[in-house]
Amino acid sequence: MAASSETRIPIGRALPGYHVHLVDDDMQPVPLGWPGQILVSGAAVAAGYLNNESLTREKFIINRSPSSLTSRGYLTGDMARMLTDGSLVYIGRIESDSQIKLRGIRIELNDIAASIIKTSDGVVANAAVVVRDAEQNSFLVAYVVFSANKAPSDPAQYLEQLLPELPLPVYMRPAQGIPLDRLPMSASGKLDRKALSALELPSNPIHTPASKSTVDSLSQTEHRLKGVWDEALGHTGIPITKRSNFFATGGNSLLLLKVQAGILQEFGQRIALTELFRASTLASLATTIESSIGTTAEDMTDQVASSSSSINWLVETDAGDLSEWTKPQQMAILTRNTASLTVVVSGATGFLGRAIVNQLQELGNVSQIHCVAVRNLESDAARLLEQSTDKVVLHAGDLSLPFLGMLEEEARLLFSEADVIIHNGADVSFMKPYESLRAPNLGSTKEFVRLVAPRQVPFHFVSTAGVGLLAGKDVVEECTISSTDAASSLSQVDGYIASKWASETYLENATHRTGLPVQIYRPSSITGDGAPALDILHNVLQFSRQMRAVPEMTRWRGHLDLVDVHLVARGLVHRAIIAEPVEESRITVLHLSGEQVIPVEDAKQYLEKETGYRFRILSIEGWVVEAERLGLHPLVGAYLRTIASREEPIYFPRLQTSMKW
């Protein structure tokens, strides 16, 4: 039994009516001062997990201690030591076989199993999920036991339909579902994941004869595309069906580049990465390929635009779900606490987020900094935050999930104590379509508002300067951008910008409906050590300096607006904590920009003056090829090639700002 970290936090003694024991792997008490798992017993311990027998057997055990008031005890999964005075010191979480890392993200397999059972609405009686590996690619497999009186006539077809519909991020959805008569258990009554992992995966879904004829076989295009997927994924053994999602079957952004190259070789068609992200199932991607054959690049661009423009933005940004908070008698108006603030921050482990937390921890009137929706508590960034100050509390979660991935009770308790919200987190991707970014970006904003609207907690939202493109002006003012102004441009910007504009507009509607005080921040291109590896402008400047060459920018228009990350964080925190609070029923916009503003046509001259060297001018293709040899990320190269293939100019509007740096 080992703890997942070596943090040591005093947590005191058990409350009256409860009993706490520290036990080893054999459920025996450990000596005083030794680490052990916390076992809680007492009258308030529940009977078990609803509709999850295997997890109940694993976590709720018979407690034979004579001091216990009940025969049932709950294993918390937490490690602690007991001091001589009877108080406990928390050590950390146990490294459980149900907690795994998949492509750098920590995932609780039991949460996925519980989602399968809940989503099935009684059809699945029990479920377990394991991670499988094939040729360096990992993917999830679900094993299910159907209810005796609700078992579907075609189990394989049912699971093919159920798994893509799970209310989980794509990376948490199992690639394959396999029915079993029962789940294997160890001698101690726990789920035997090793036995599950040792089971051979069926190469094809097994359909019943009665329904086999209703299962569509792969079309010729789908069959050829499946070969491209197999080559990119490494022949995982997962049966690929029409509904298979590339990312659920072990795919990632880099492997998508292999798929793009494979499609070009197999079909002679170059599909843009944005379309590959959007059409991520085998059937939808095959349809995209068939549509592109005999279609010009301009027509394909029009098809992509029409897909984006088909979204009803009025419905997308409507705040009607907040109608319950529009009546004054239902509002618990927050009395602003200025002496001991509890601040909730999302995106705290990112580039700007770390700088924001560093600024917050230096303020004497900030007592606690709750970092929510942290997808990987074991990451270096998360550990550094936790070790930097005792003010920081990390909460595991995901922006795409209800309650930001926290337990409902945890979320409601946290937001009932929050004094300030800084929503900085987002899926920052210049390749993914809006549909892929809706849940983590707009969805998380809606979830935050739902949690804070009842108390009118000041809400500070980090947007992007890219939203300024939707204003259709050379100089963008510090104000919201209406749906009327943005409508003609939404189909021309990437999904990330669209998701940020949608969030801004939703917040404006929420403010008008509930009176929630909102401050929107639009930072320009943020610079500094530790900038994201996929930041486009950062890469262009970094590799241009390294190569002493700039890409040809004749179709680039406007200004490059650079601002240091510490200035952005300082300006944001000053406005959120120190300055006068945003008035109720008001939404304001602040541009965090303007430290260095360089006309695009002067970029080469700027770099020559900065470095003292003369710079070459290369075509974008030539620049990318040379930069990739020096380590430019392939996705950045792919993006630059994509914009180089477009005929229309690329605009960088000037942001008007009230900030004085």
# chains A, B, ... in the order shown; residues from 1 in each chain; ligands from 1
>>> select_by_dssp(residues="segment 343-422 of chain A", states="strand (DSSP E)", output="VMD selection string")
chain A and resid 343 to 346 366 to 374 392 to 396 420 to 422
>>> select_by_dssp(residues="segment 79-261 of chain A", states="helix (DSSP H, G or I)", output="JSON, numbers by chain")
{"A": [109, 110, 111, 112, 113, 114, 115, 116, 117, 118, 119, 120, 155, 156, 157, 158, 159, 160, 161, 162, 163, 164, 165, 170, 171, 172, 193, 194, 195, 196, 197, 198, 209, 210, 211, 212, 220, 221, 222, 223, 224, 225, 226, 227, 228, 229, 230, 231, 232, 233, 253, 254, 255, 256, 257, 258, 259, 260, 261]}
>>> closest_residue(among="A:Ser503, A:Ser217, A:Ser416, A:Ser98", to="Glu447 of chain A", atoms="only C-alpha atoms")
A:Ser503
>>> closest_residue(among="A:Ile520, A:Ala198, A:Ile11, A:Ala125", to="Leu50 of chain A", atoms="only C-alpha atoms")
A:Ala125
>>> residues_around(residues="Thr445 of chain A", least_positions_apart="3", cutoff="8 Å", atoms="only C-alpha atoms", output="MDAnalysis selection string")
chainID A and resid 423 441:442 448:449 503
>>> write_last_selection(atoms="N, CA and C atoms", output="JSON list (two decimals), in the first residue's frame")
[["chain", "number", "residue", "atom", "x", "y", "z"],
["A", 423, "HIS", "N", -12.29, 32.53, -13.89],
["A", 423, "HIS", "CA", -12.43, 31.39, -14.82],
["A", 423, "HIS", "C", -11.45, 31.59, -15.96],
["A", 441, "ASN", "N", -15.39, 24.68, -22.92],
["A", 441, "ASN", "CA", -15.27, 26.14, -22.93],
["A", 441, "ASN", "C", -16.58, 26.83, -22.59],
["A", 442, "LEU", "N", -17.56, 26.73, -23.47],
["A", 442, "LEU", "CA", -18.86, 27.34, -23.15],
["A", 442, "LEU", "C", -19.56, 26.58, -22.02],
["A", 448, "PHE", "N", -20.14, 27.23, -14.19],
["A", 448, "PHE", "CA", -19.69, 28.20, -13.19],
["A", 448, "PHE", "C", -20.82, 29.15, -12.82],
["A", 449, "VAL", "N", -21.47, 29.73, -13.83],
["A", 449, "VAL", "CA", -22.53, 30.70, -13.58],
["A", 449, "VAL", "C", -23.67, 30.06, -12.80],
["A", 503, "SER", "N", -19.04, 32.28, -24.98],
["A", 503, "SER", "CA", -19.00, 32.42, -23.52],
["A", 503, "SER", "C", -19.22, 33.87, -23.10]]
>>> closest_residue(among="A:Ala44, A:Leu401, A:Leu592, A:Ala418", to="Val462 of chain A", atoms="only C-alpha atoms")
A:Leu592
>>> residues_around(residues="Val131 of chain A", least_positions_apart="6", cutoff="8 Å", atoms="only C-alpha atoms", output="ChimeraX atom specification")
/A:100,138-141,197
>>> write_last_selection(atoms="C-alpha atoms", output="mmCIF file, in the first residue's frame")
data_model
loop_
_atom_site.group_PDB
_atom_site.id
_atom_site.type_symbol
_atom_site.label_atom_id
_atom_site.label_comp_id
_atom_site.auth_asym_id
_atom_site.auth_seq_id
_atom_site.Cartn_x
_atom_site.Cartn_y
_atom_site.Cartn_z
ATOM 1 C CA ILE A 100 -4.809 5.342 -14.124
ATOM 2 C CA SER A 138 -3.581 2.863 -24.762
ATOM 3 C CA PHE A 139 -7.365 2.649 -24.801
ATOM 4 C CA LEU A 140 -10.218 1.823 -22.441
ATOM 5 C CA VAL A 141 -12.328 -1.325 -22.516
ATOM 6 C CA SER A 197 -6.972 -7.331 -18.524
#
>>> closest_residue(among="A:Tyr18, A:Tyr90, A:Phe543, A:Trp556", to="Leu632 of chain A", atoms="only C-alpha atoms")
A:Phe543
>>> closest_residue(among="A:Arg438, A:His559, A:Arg106, A:Lys432", to="Asp602 of chain A", atoms="only C-alpha atoms")
A:His559
>>> closest_residue(among="A:Pro152, A:Gly425, A:Gly234, A:Gly530", to="Phe351 of chain A", atoms="only C-alpha atoms")
A:Gly530
>>> residues_around(residues="Thr288 of chain A", least_positions_apart="2", cutoff="12 Å", atoms="only C-alpha atoms", output="ChimeraX atom specification")
/A:221-222,225,263,267,269-272,274-286,290-295,300,303-304,307
>>> atom_distance(atom1="atom CA of Asp474 of chain A", atom2="atom CA of Pro653 of chain A")
5.0 Å
